[in-house]
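Asks: Sharing entry36.csv here; it has CSV, C-alpha atoms.
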```csv
chain,number,residue,atom,x,y,z
V,17,MET,CA,-6.0,257.1,21.6
V,18,GLU,CA,-7.3,257.4,25.2
V,19,LEU,CA,-8.5,254.3,27.0
V,20,THR,CA,-11.9,255.9,27.5
V,21,ALA,CA,-12.4,256.2,23.8
V,22,VAL,CA,-11.4,252.5,23.2
V,23,LEU,CA,-13.7,251.3,26.0
V,24,GLN,CA,-16.6,253.4,24.6
V,25,ALA,CA,-16.2,251.7,21.2
V,26,TYR,CA,-17.0,248.3,22.6
V,27,PRO,CA,-20.0,246.8,24.4
V,28,LYS,CA,-19.5,245.9,28.1
V,29,GLU,CA,-19.1,242.2,27.3
V,30,GLN,CA,-16.3,239.9,28.3
V,31,THR,CA,-16.0,238.6,24.7
V,32,TYR,CA,-14.5,241.9,23.7
V,33,LEU,CA,-11.6,241.7,26.1
V,34,LEU,CA,-8.9,240.7,23.6
V,35,GLU,CA,-10.1,243.2,21.0
V,36,ILE,CA,-10.0,246.0,23.6
V,37,LEU,CA,-6.5,245.0,24.9
V,38,LEU,CA,-5.1,244.7,21.3
V,39,LYS,CA,-6.6,248.0,20.1
V,40,TYR,CA,-5.5,250.0,23.2
V,41,GLN,CA,-2.0,248.6,23.3
V,42,ALA,CA,-1.5,249.3,19.6
V,43,SER,CA,-2.6,252.9,20.1
V,44,LYS,CA,0.1,253.6,22.6
V,45,PRO,CA,3.6,254.6,21.3
V,46,THR,CA,5.2,252.4,23.9
V,47,HIS,CA,3.1,249.3,22.9
V,48,HIS,CA,2.5,248.2,26.4
V,49,LEU,CA,-0.3,248.1,29.0
V,50,GLU,CA,-0.1,249.4,32.6
V,51,GLU,CA,-1.6,248.0,35.7
V,52,ASP,CA,-4.1,250.8,36.2
V,53,GLU,CA,-5.3,250.5,32.6
V,54,LEU,CA,-5.9,246.8,33.1
V,55,THR,CA,-7.9,247.5,36.2
V,56,ALA,CA,-10.0,250.1,34.3
V,57,ILE,CA,-10.6,247.5,31.5
V,58,ALA,CA,-11.6,244.9,34.1
V,59,ASP,CA,-14.0,247.4,35.7
V,60,HIS,CA,-15.5,248.3,32.4
V,61,LEU,CA,-16.2,244.7,31.5
V,62,GLY,CA,-17.3,243.7,35.0
V,63,LEU,CA,-14.4,241.2,35.3
V,64,PRO,CA,-12.0,240.5,38.1
V,65,ALA,CA,-8.8,242.3,37.6
V,66,SER,CA,-6.9,239.0,38.1
V,67,HIS,CA,-8.7,237.6,34.9
V,68,VAL,CA,-7.5,240.5,32.8
V,69,PHE,CA,-4.0,240.3,34.2
V,70,SER,CA,-3.9,236.5,33.5
V,71,VAL,CA,-4.9,237.1,29.9
V,72,VAL,CA,-2.2,239.7,29.4
V,73,SER,CA,0.4,237.5,31.0
V,74,PHE,CA,-0.7,234.4,28.9
V,75,TYR,CA,-0.4,235.9,25.4
V,76,SER,CA,3.1,236.9,24.1
V,77,PHE,CA,1.7,239.7,22.0
V,78,PHE,CA,0.8,241.7,25.2
V,79,SER,CA,3.4,243.5,27.3
V,80,MET,CA,3.4,245.4,30.5
V,81,THR,CA,6.9,246.7,29.8
V,82,PRO,CA,7.4,249.7,27.4
V,83,ARG,CA,8.6,248.6,24.0
V,84,GLY,CA,10.1,250.2,20.9
V,85,ARG,CA,8.3,251.6,17.9
V,86,TYR,CA,9.1,248.4,16.0
V,87,ILE,CA,8.6,245.1,17.8
V,88,LEU,CA,10.6,242.3,16.2
V,89,GLN,CA,9.3,238.9,17.1
V,90,PHE,CA,10.9,235.7,16.0
V,91,CYS,CA,9.5,232.2,16.3
V,92,ARG,CA,11.1,229.7,18.6
V,93,ASP,CA,8.9,226.7,17.8
V,94,VAL,CA,10.2,223.5,16.2
V,95,PRO,CA,9.9,224.4,12.4
V,96,CYS,CA,11.7,227.7,12.8
V,97,HIS,CA,14.2,226.2,15.3
V,98,ILE,CA,15.3,223.5,12.8
V,99,SER,CA,15.3,226.2,10.0
V,100,ASP,CA,18.1,228.0,11.9
V,101,THR,CA,16.2,230.3,14.2
V,102,PHE,CA,19.1,230.6,16.5
V,103,SER,CA,21.2,232.3,13.8
V,104,VAL,CA,18.2,234.6,13.3
V,105,ARG,CA,18.3,235.5,17.0
V,106,GLU,CA,22.1,235.9,17.0
V,107,THR,CA,22.0,238.0,13.8
V,108,LEU,CA,19.3,240.3,15.2
V,109,GLU,CA,21.0,240.7,18.5
V,110,THR,CA,24.3,241.5,16.8
V,111,LEU,CA,22.8,244.0,14.3
V,112,LEU,CA,20.7,245.7,17.0
V,113,GLY,CA,23.2,245.6,19.8
V,114,ILE,CA,20.6,244.2,22.2
V,115,LYS,CA,19.6,240.9,23.7
V,116,THR,CA,16.3,239.3,23.2
V,117,GLY,CA,13.8,241.0,25.6
V,118,GLU,CA,15.5,244.3,25.3
V,119,THR,CA,14.8,247.6,23.5
V,120,THR,CA,17.4,249.7,21.7
V,121,GLU,CA,18.4,252.9,23.6
V,122,ASP,CA,16.8,255.0,20.9
V,123,GLY,CA,13.4,253.2,21.6
V,124,VAL,CA,13.1,252.1,18.0
V,125,PHE,CA,13.4,248.3,18.2
V,126,THR,CA,12.3,245.7,20.7
V,127,LEU,CA,13.5,242.1,20.2
V,128,GLU,CA,11.2,239.3,21.4
V,129,TYR,CA,10.7,235.6,21.2
V,130,SER,CA,7.3,234.5,20.1
V,131,SER,CA,5.4,231.3,20.1
V,132,CYS,CA,4.3,230.0,16.7
V,133,LEU,CA,3.7,232.8,14.2
V,134,GLY,CA,1.5,230.5,12.1
V,135,ALA,CA,3.8,230.3,9.1
V,136,CYS,CA,5.7,227.0,9.6
V,137,ASP,CA,6.0,226.4,5.9
V,138,LEU,CA,7.8,229.7,5.5
V,139,ALA,CA,10.3,229.3,8.3
V,140,PRO,CA,12.3,230.9,9.6
V,141,VAL,CA,10.0,233.9,10.0
V,142,LEU,CA,10.1,237.3,11.7
V,143,ARG,CA,7.1,239.5,12.6
V,144,VAL,CA,7.8,243.3,12.7
V,145,ASN,CA,4.7,244.8,14.3
V,146,ASP,CA,2.0,243.4,12.0
V,147,THR,CA,4.1,242.4,9.0
V,148,LEU,CA,5.5,238.9,8.6
V,149,TYR,CA,8.8,238.3,6.8
V,150,HIS,CA,9.6,234.8,5.8
V,151,HIS,CA,12.4,232.5,4.5
V,152,LEU,CA,14.9,234.7,6.4
V,153,THR,CA,18.6,234.9,5.6
V,154,VAL,CA,21.2,237.2,7.1
V,155,ASP,CA,20.9,239.5,4.0
V,156,LYS,CA,17.1,239.6,4.3
V,157,ILE,CA,17.3,240.6,8.0
V,158,LYS,CA,19.9,243.3,7.1
V,159,ALA,CA,17.5,244.6,4.4
V,160,ILE,CA,14.5,244.7,6.7
V,161,LEU,CA,16.4,246.7,9.4
V,162,ALA,CA,17.8,249.0,6.7
V,163,GLU,CA,14.3,249.7,5.4
V,164,ILE,CA,13.0,250.5,8.8
V,165,ARG,CA,16.0,252.7,9.7
V,166,SER,CA,15.6,254.6,6.4
V,167,GLY,CA,12.1,255.7,7.5
V,168,SER,CA,10.1,253.3,5.6
V,169,ASP,CA,7.3,251.5,7.4
V,170,ALA,CA,7.8,247.8,8.1
```
Rewrite the coordinates I just gave you, this time as structure tokens.
Replies:
Amino acid sequence: MELTAVLQAYPKEQTYLLEILLKYQASKPTHHLEEDELTAIADHLGLPASHVFSVVSFYSFFSMTPRGRYILQFCRDVPCHISDTFSVRETLETLLGIKTGETTEDGVFTLEYSSCLGACDLAPVLRVNDTLYHHLTVDKIKAILAEIRSGSDA
């Protein structure tokens, strides 16, 4: 979806900033926003570009770096941490052959930390794009990756 189409779908009001950013970023195959796009969004909403840039840099679900088709985010807050999040990280890094913050060479997976994913009672959790997986084990992680690699949607 082109940026112009997204901008035309919303009133020129600051309250729509997050919705515009989320919708546009999700529409791009690289799941990221570029500097000129943020400037255009700021102009559309009558905001200083610095405000839009600060919003994008504040929220972990926005990125200015191209990402893979599937964005794997794991929580690093206390409940997930004490529920063995670090083995989740190590397992994902080993299975994907990348470090946190990187994208696989084929552009399929990007591995990221996230702040709280809002499912503390289900820890440890992993979000793949918009799907949340909970009570993770090594076997569950392997099954999730196998499902994605087989062509199924996560």
Asks: Could you tell me how far atom CA of V:Glu50 lies from atom CA of V:Met80, in Å and to one decimal?
Replies: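 Between these atoms lies a distance of 5.7 Å.
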Asks: Hey, which of V:Tyr75, V:Thr116, V:Ala139, V:Thr110 ends up closest to V:Lys158? Count all atoms listed in the file.
Replies: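 Closest residue, counting all atoms listed in the file: V:Thr110.
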Asks: Point out the residue among V:Pro45, V:Gly117, V:Pro82, V:Pro95 with the least atom-to-atom distance to V:Met17, counting only C-alpha atoms.
Replies: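 Residue with the minimum atom-to-atom distance to V:Met17: V:Pro45.
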Asks: Given all atoms listed in the file as the basis, pick out the residue of V:Arg92, V:Gln24, V:Glu163, V:Leu33 nearest to V:Ala65.
Replies: V:Leu33
Asks: Excluding stretch 143-156 of chain V and residues on its chain fewer than 6 positions from it, collect all residues at most 10 Å away from it, counting only C-alpha atoms, and give them as a PDB file with C-alpha atoms, in the coordinates of the input.
Replies:
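Once written, around_12.pdb looks like this:
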```pdb
ATOM      1  CA  ALA V  42      -1.500 249.300  19.600  1.00  0.00           C
ATOM      2  CA  HIS V  47       3.100 249.300  22.900  1.00  0.00           C
ATOM      3  CA  PHE V  77       1.700 239.700  22.000  1.00  0.00           C
ATOM      4  CA  ARG V  85       8.300 251.600  17.900  1.00  0.00           C
ATOM      5  CA  TYR V  86       9.100 248.400  16.000  1.00  0.00           C
ATOM      6  CA  ILE V  87       8.600 245.100  17.800  1.00  0.00           C
ATOM      7  CA  LEU V  88      10.600 242.300  16.200  1.00  0.00           C
ATOM      8  CA  GLN V  89       9.300 238.900  17.100  1.00  0.00           C
ATOM      9  CA  PHE V  90      10.900 235.700  16.000  1.00  0.00           C
ATOM     10  CA  CYS V  91       9.500 232.200  16.300  1.00  0.00           C
ATOM     11  CA  CYS V  96      11.700 227.700  12.800  1.00  0.00           C
ATOM     12  CA  SER V  99      15.300 226.200  10.000  1.00  0.00           C
ATOM     13  CA  ASP V 100      18.100 228.000  11.900  1.00  0.00           C
ATOM     14  CA  THR V 101      16.200 230.300  14.200  1.00  0.00           C
ATOM     15  CA  SER V 103      21.200 232.300  13.800  1.00  0.00           C
ATOM     16  CA  VAL V 104      18.200 234.600  13.300  1.00  0.00           C
ATOM     17  CA  THR V 107      22.000 238.000  13.800  1.00  0.00           C
ATOM     18  CA  LEU V 108      19.300 240.300  15.200  1.00  0.00           C
ATOM     19  CA  PHE V 125      13.400 248.300  18.200  1.00  0.00           C
ATOM     20  CA  THR V 126      12.300 245.700  20.700  1.00  0.00           C
ATOM     21  CA  LEU V 127      13.500 242.100  20.200  1.00  0.00           C
ATOM     22  CA  GLU V 128      11.200 239.300  21.400  1.00  0.00           C
ATOM     23  CA  SER V 130       7.300 234.500  20.100  1.00  0.00           C
ATOM     24  CA  LEU V 133       3.700 232.800  14.200  1.00  0.00           C
ATOM     25  CA  GLY V 134       1.500 230.500  12.100  1.00  0.00           C
ATOM     26  CA  ALA V 135       3.800 230.300   9.100  1.00  0.00           C
ATOM     27  CA  CYS V 136       5.700 227.000   9.600  1.00  0.00           C
ATOM     28  CA  ASP V 137       6.000 226.400   5.900  1.00  0.00           C
ATOM     29  CA  ALA V 162      17.800 249.000   6.700  1.00  0.00           C
ATOM     30  CA  ILE V 164      13.000 250.500   8.800  1.00  0.00           C
ATOM     31  CA  ASP V 169       7.300 251.500   7.400  1.00  0.00           C
ATOM     32  CA  ALA V 170       7.800 247.800   8.100  1.00  0.00           C
TER      33      ALA V 170
END
```
Asks: Taking only C-alpha atoms into account, name the residue in V:Asp93, V:Glu106, V:Glu18, V:Asp52 that is nearest to V:Lys39.
Replies: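 Looking at the shortest contact to V:Lys39, the residue is V:Glu18.
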Asks: For a quick check of understanding, using only C-alpha atoms, which of V:Leu54, V:Ile98, V:Ala21, V:Ile36 has the smallest distance to V:Ser70?
Replies: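 Among the listed residues, V:Leu54 lies closest to V:Ser70.
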Asks: Need to verify the contact set: V:Ile57, 12 Å, all atoms listed in the file, exclusion of same-chain residues closer than 5 positions in sequence. Can you return it as a PyMOL selection string?
Replies: chain V and resi 19-24+26-30+32-38+40-41+49-52+62-69+71-72
Asks: Go ahead and write the residues just picked, C-alpha atoms, as a PDB file, keeping the file's coordinate frame.
Replies:
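Once everything was written out, this is selection-v9.pdb:
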```pdb
ATOM      1  CA  LEU V  19      -8.500 254.300  27.000  1.00  0.00           C
ATOM      2  CA  THR V  20     -11.900 255.900  27.500  1.00  0.00           C
ATOM      3  CA  ALA V  21     -12.400 256.200  23.800  1.00  0.00           C
ATOM      4  CA  VAL V  22     -11.400 252.500  23.200  1.00  0.00           C
ATOM      5  CA  LEU V  23     -13.700 251.300  26.000  1.00  0.00           C
ATOM      6  CA  GLN V  24     -16.600 253.400  24.600  1.00  0.00           C
ATOM      7  CA  TYR V  26     -17.000 248.300  22.600  1.00  0.00           C
ATOM      8  CA  PRO V  27     -20.000 246.800  24.400  1.00  0.00           C
ATOM      9  CA  LYS V  28     -19.500 245.900  28.100  1.00  0.00           C
ATOM     10  CA  GLU V  29     -19.100 242.200  27.300  1.00  0.00           C
ATOM     11  CA  GLN V  30     -16.300 239.900  28.300  1.00  0.00           C
ATOM     12  CA  TYR V  32     -14.500 241.900  23.700  1.00  0.00           C
ATOM     13  CA  LEU V  33     -11.600 241.700  26.100  1.00  0.00           C
ATOM     14  CA  LEU V  34      -8.900 240.700  23.600  1.00  0.00           C
ATOM     15  CA  GLU V  35     -10.100 243.200  21.000  1.00  0.00           C
ATOM     16  CA  ILE V  36     -10.000 246.000  23.600  1.00  0.00           C
ATOM     17  CA  LEU V  37      -6.500 245.000  24.900  1.00  0.00           C
ATOM     18  CA  LEU V  38      -5.100 244.700  21.300  1.00  0.00           C
ATOM     19  CA  TYR V  40      -5.500 250.000  23.200  1.00  0.00           C
ATOM     20  CA  GLN V  41      -2.000 248.600  23.300  1.00  0.00           C
ATOM     21  CA  LEU V  49      -0.300 248.100  29.000  1.00  0.00           C
ATOM     22  CA  GLU V  50      -0.100 249.400  32.600  1.00  0.00           C
ATOM     23  CA  GLU V  51      -1.600 248.000  35.700  1.00  0.00           C
ATOM     24  CA  ASP V  52      -4.100 250.800  36.200  1.00  0.00           C
ATOM     25  CA  GLY V  62     -17.300 243.700  35.000  1.00  0.00           C
ATOM     26  CA  LEU V  63     -14.400 241.200  35.300  1.00  0.00           C
ATOM     27  CA  PRO V  64     -12.000 240.500  38.100  1.00  0.00           C
ATOM     28  CA  ALA V  65      -8.800 242.300  37.600  1.00  0.00           C
ATOM     29  CA  SER V  66      -6.900 239.000  38.100  1.00  0.00           C
ATOM     30  CA  HIS V  67      -8.700 237.600  34.900  1.00  0.00           C
ATOM     31  CA  VAL V  68      -7.500 240.500  32.800  1.00  0.00           C
ATOM     32  CA  PHE V  69      -4.000 240.300  34.200  1.00  0.00           C
ATOM     33  CA  VAL V  71      -4.900 237.100  29.900  1.00  0.00           C
ATOM     34  CA  VAL V  72      -2.200 239.700  29.400  1.00  0.00           C
TER      35      VAL V  72
END
```
Asks: Hey, which of V:Val141, V:Ala25, V:Val94, V:Arg165 ends up closest to V:His60? Count only C-alpha atoms.
Replies: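 Of all the options, V:Ala25 lies closest to V:His60.
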Asks: Please return stretch 135-156 of chain V, rebuilt to N, CA and C atoms, as a tab-separated table (two decimals), keeping the file's coordinate frame.
Replies:
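See selection.tsv below for the written result:
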```tsv
chain	number	residue	atom	x	y	z
V	135	ALA	N	3.31	230.37	10.44
V	135	ALA	CA	3.80	230.30	9.10
V	135	ALA	C	4.96	229.27	8.98
V	136	CYS	N	4.68	228.09	9.51
V	136	CYS	CA	5.70	227.00	9.60
V	136	CYS	C	6.31	226.68	8.25
V	137	ASP	N	5.50	226.73	7.21
V	137	ASP	CA	6.00	226.40	5.90
V	137	ASP	C	6.90	227.47	5.29
V	138	LEU	N	6.98	228.61	5.94
V	138	LEU	CA	7.80	229.70	5.50
V	138	LEU	C	9.00	229.99	6.35
V	139	ALA	N	9.25	229.08	7.28
V	139	ALA	CA	10.30	229.30	8.30
V	139	ALA	C	11.69	229.41	7.66
V	140	PRO	N	12.54	230.16	8.38
V	140	PRO	CA	12.30	230.90	9.60
V	140	PRO	C	11.58	232.25	9.26
V	141	VAL	N	10.76	232.72	10.23
V	141	VAL	CA	10.00	233.90	10.00
V	141	VAL	C	10.26	234.97	11.11
V	142	LEU	N	9.93	236.20	10.80
V	142	LEU	CA	10.10	237.30	11.70
V	142	LEU	C	8.86	238.21	11.53
V	143	ARG	N	8.23	238.60	12.64
V	143	ARG	CA	7.10	239.50	12.60
V	143	ARG	C	7.64	240.88	13.07
V	144	VAL	N	7.43	241.92	12.28
V	144	VAL	CA	7.80	243.30	12.70
V	144	VAL	C	6.42	244.01	12.76
V	145	ASN	N	6.01	244.30	14.00
V	145	ASN	CA	4.70	244.80	14.30
V	145	ASN	C	3.67	243.87	13.62
V	146	ASP	N	2.97	244.25	12.59
V	146	ASP	CA	2.00	243.40	12.00
V	146	ASP	C	2.41	242.77	10.65
V	147	THR	N	3.66	242.95	10.27
V	147	THR	CA	4.10	242.40	9.00
V	147	THR	C	5.01	241.21	9.22
V	148	LEU	N	4.73	240.16	8.45
V	148	LEU	CA	5.50	238.90	8.60
V	148	LEU	C	6.49	238.80	7.44
V	149	TYR	N	7.73	238.52	7.80
V	149	TYR	CA	8.80	238.30	6.80
V	149	TYR	C	9.18	236.82	6.91
V	150	HIS	N	9.43	236.20	5.78
V	150	HIS	CA	9.60	234.80	5.80
V	150	HIS	C	10.90	234.36	4.99
V	151	HIS	N	11.23	233.07	5.11
V	151	HIS	CA	12.40	232.50	4.50
V	151	HIS	C	13.64	233.42	4.75
V	152	LEU	N	13.82	233.75	6.01
V	152	LEU	CA	14.90	234.70	6.40
V	152	LEU	C	16.27	234.20	6.12
V	153	THR	N	17.11	235.14	5.74
V	153	THR	CA	18.60	234.90	5.60
V	153	THR	C	19.18	236.14	6.32
V	154	VAL	N	20.47	236.09	6.52
V	154	VAL	CA	21.20	237.20	7.10
V	154	VAL	C	20.95	238.47	6.25
V	155	ASP	N	21.06	238.31	4.94
V	155	ASP	CA	20.90	239.50	4.00
V	155	ASP	C	19.47	240.02	4.10
V	156	LYS	N	18.46	239.15	4.20
V	156	LYS	CA	17.10	239.60	4.30
V	156	LYS	C	16.88	240.41	5.61
```
